[in-house]
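Asks: Please find coords04.tsv (TSV, C-alpha atoms) on the next line:
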chain	number	residue	atom	x	y	z
A	193	HIS	CA	31.93	135.85	-55.64
A	194	LEU	CA	34.43	135.22	-52.87
A	195	ARG	CA	38.22	135.19	-53.14
A	196	ILE	CA	40.40	134.09	-50.24
A	197	ALA	CA	43.91	135.57	-50.08
A	198	SER	CA	45.54	132.30	-49.04
A	199	PRO	CA	45.46	128.68	-50.12
A	200	PRO	CA	42.82	126.57	-48.35
A	201	LEU	CA	43.89	125.46	-44.85
A	202	ARG	CA	43.59	121.69	-44.94
A	203	PHE	CA	46.26	120.38	-42.61
A	204	PRO	CA	46.89	120.98	-38.90
A	205	CYS	CA	49.65	123.12	-37.45
A	206	PHE	CA	52.11	121.56	-35.04
A	207	TYR	CA	54.35	124.62	-34.82
A	208	GLY	CA	52.45	126.94	-32.50
A	209	ILE	CA	49.20	127.94	-34.21
A	210	ASP	CA	46.36	126.36	-32.27
A	211	PHE	CA	44.71	124.00	-34.74
A	212	GLN	CA	45.99	120.47	-34.39
A	213	THR	CA	43.29	118.41	-36.08
A	214	THR	CA	41.75	118.41	-39.52
A	215	SER	CA	38.29	118.44	-37.93
A	216	GLU	CA	38.87	122.11	-37.06
A	217	LEU	CA	39.49	123.08	-40.69
A	218	PHE	CA	36.61	123.87	-43.06
A	219	ALA	CA	38.65	123.19	-46.21
A	220	ALA	CA	39.86	119.83	-44.89
A	221	ASN	CA	36.32	118.57	-44.73
A	222	HIS	CA	34.70	120.10	-47.80
A	223	SER	CA	35.55	120.38	-51.48
A	224	VAL	CA	35.71	123.83	-53.05
A	225	ALA	CA	32.27	123.21	-54.58
A	226	GLU	CA	30.81	122.24	-51.18
A	227	MET	CA	32.35	125.29	-49.52
A	228	ARG	CA	30.96	127.52	-52.27
A	229	ASP	CA	27.47	126.11	-51.71
A	230	LEU	CA	27.70	126.31	-47.91
A	231	LEU	CA	28.89	129.91	-48.12
A	232	ALA	CA	26.13	130.70	-50.62
A	233	VAL	CA	28.42	132.40	-53.13
A	234	GLU	CA	28.45	132.16	-56.92
A	235	SER	CA	32.15	131.36	-57.07
A	236	LEU	CA	34.93	130.64	-54.60
A	237	GLY	CA	38.63	130.96	-55.29
A	238	PHE	CA	41.79	130.65	-53.24
A	239	LEU	CA	45.31	131.97	-53.74
A	240	SER	CA	47.60	129.17	-54.92
A	241	THR	CA	50.59	128.11	-52.84
A	242	GLN	CA	52.84	129.40	-55.62
A	243	GLY	CA	50.94	132.69	-55.61
A	244	LEU	CA	51.44	132.97	-51.85
A	245	GLU	CA	55.18	132.36	-52.18
A	246	GLU	CA	55.44	134.96	-54.94
A	247	SER	CA	53.38	137.55	-53.07
A	248	VAL	CA	55.52	137.41	-49.92
A	249	GLY	CA	58.81	136.91	-51.73
A	250	LEU	CA	59.74	133.71	-49.89
A	251	SER	CA	59.99	130.15	-51.08
A	252	ALA	CA	59.01	127.01	-49.21
A	253	THR	CA	62.34	125.53	-50.31
A	254	ALA	CA	64.51	128.47	-49.19
A	255	PRO	CA	67.50	127.87	-46.92
A	256	ASN	CA	66.72	127.91	-43.18
A	257	GLY	CA	63.17	126.81	-43.77
A	258	GLY	CA	61.78	129.70	-45.77
A	259	LEU	CA	58.02	129.91	-45.83
A	260	CYS	CA	56.07	127.10	-44.14
A	261	VAL	CA	53.22	125.96	-46.39
A	262	ALA	CA	52.50	122.69	-44.56
A	263	TYR	CA	48.98	123.82	-43.59
A	264	PHE	CA	48.13	124.07	-47.29
A	265	THR	CA	50.13	121.18	-48.78
A	266	GLY	CA	50.55	118.65	-45.99
A	267	GLN	CA	54.32	118.67	-46.59
A	268	TYR	CA	55.87	119.52	-43.22
A	269	PRO	CA	59.43	120.93	-43.10
A	270	ALA	CA	60.45	118.75	-40.15
A	271	PRO	CA	59.54	115.28	-38.86
A	272	LEU	CA	56.29	115.28	-36.88
A	273	ASP	CA	57.45	112.53	-34.51
A	274	ASP	CA	54.63	112.02	-31.95
A	275	TYR	CA	52.05	113.65	-34.23
A	276	ALA	CA	52.76	111.62	-37.40
A	277	PHE	CA	50.49	108.63	-36.65
A	278	ALA	CA	47.49	110.79	-35.73
A	279	LEU	CA	47.96	112.97	-38.82
A	280	ASP	CA	48.21	109.96	-41.14
A	281	LYS	CA	44.98	108.60	-39.67
A	282	GLU	CA	43.19	111.95	-40.10
A	283	VAL	CA	44.39	112.45	-43.67
A	284	ALA	CA	43.13	108.98	-44.60
A	285	SER	CA	39.65	109.96	-43.41
A	286	LEU	CA	39.45	113.38	-45.10
A	287	LYS	CA	36.34	113.91	-47.17
A	288	VAL	CA	38.18	115.89	-49.82
A	289	ASN	CA	40.68	114.49	-52.25
A	290	VAL	CA	44.14	115.49	-51.02
A	291	ALA	CA	45.21	115.81	-54.68
A	292	GLU	CA	42.80	118.77	-54.89
A	293	VAL	CA	45.17	120.63	-52.54
A	294	SER	CA	47.53	121.50	-55.37
A	295	ALA	CA	44.72	122.60	-57.66
Represent the structure contained in this file as structure tokens.
Replies:
Amino acid sequence: HLRIASPPLRFPCFYGIDFQTTSELFAANHSVAEMRDLLAVESLGFLSTQGLEESVGLSATAPNGGLCVAYFTGQYPAPLDDYAFALDKEVASLKVNVAEVSA
């Protein structure tokens, strides 16, 4: 059994962490079931976005930005400008269902 203490990273970071494409992210390219099989574990679980917010005591909707959860949800707190087109193209080609992100 494997539990990850964060939600799955499925979306790139444009705010300073060096992963700018979905191709670099394991969870962007595999469902939870596929990741479980590839990792050879009986079960795989992730912390929910809500659980993350509660554990650190910050909200993604707090004034002045709060906690950035864009890497988990795909909802960025500011316009992506030059990156928006490339991100839209990548998200359209993701192997996993983006709706699974909130699961």
Asks: When distances are computed from all atoms listed in the file, which of A:Ser223, A:Tyr263, A:Leu244, A:Thr214 shows the smallest separation from Lys281 (chain A)?
Replies: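 For Lys281 (chain A), the nearest of the candidates is A:Thr214.
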Asks: Would you mind telling me which residue in A:Val224, A:Leu217, A:Leu230, A:Ser198 lies nearest to Gln242 (chain A) when using only C-alpha atoms?
Replies: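 Selected residue with least distance to Gln242 (chain A): A:Ser198.
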Asks: Of the candidates A:Tyr207, A:Gln267, A:Asp274, A:Ala197, which one gets nearest to Val248 (chain A) if we count all atoms listed in the file?
Replies: A:Ala197
Asks: Using only C-alpha atoms, find all polymer residues with an atom at most 12 Å away from the point (51.5, 121.4, -35.1); report them as a list in words.
Replies: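 Residues with an atom at most 12 Å from (51.5, 121.4, -35.1): Phe203, Pro204, Cys205, Phe206, Tyr207, Gly208, Ile209, Asp210, Phe211, Gln212, Thr213, Thr214, Cys260, Ala262, Tyr263, Gly266, Tyr268, Pro269, Ala270, Pro271, Leu272, Asp273, Asp274, Tyr275, Ala276, Ala278 and Leu279 of chain A.
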Asks: Between A:Val261, A:Val283, A:Leu194, A:Phe277, single out the one closest to Asp229 (chain A), counting only C-alpha atoms.
Replies: A:Leu194
Asks: Rank nothing, just name the residue among A:Leu259, A:Ala232, A:Ala220, A:Leu201 nearest to Ser247 (chain A), using all atoms listed in the file.
Replies: A:Leu259
Asks: Which value, in Å to one decimal, gives the distance between CA of Thr241 (chain A) and CA of Ser285 (chain A)?
Replies: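 Taking CA of Thr241 (chain A) as the start and CA of Ser285 (chain A) as the end point, the length is 23.2 Å.
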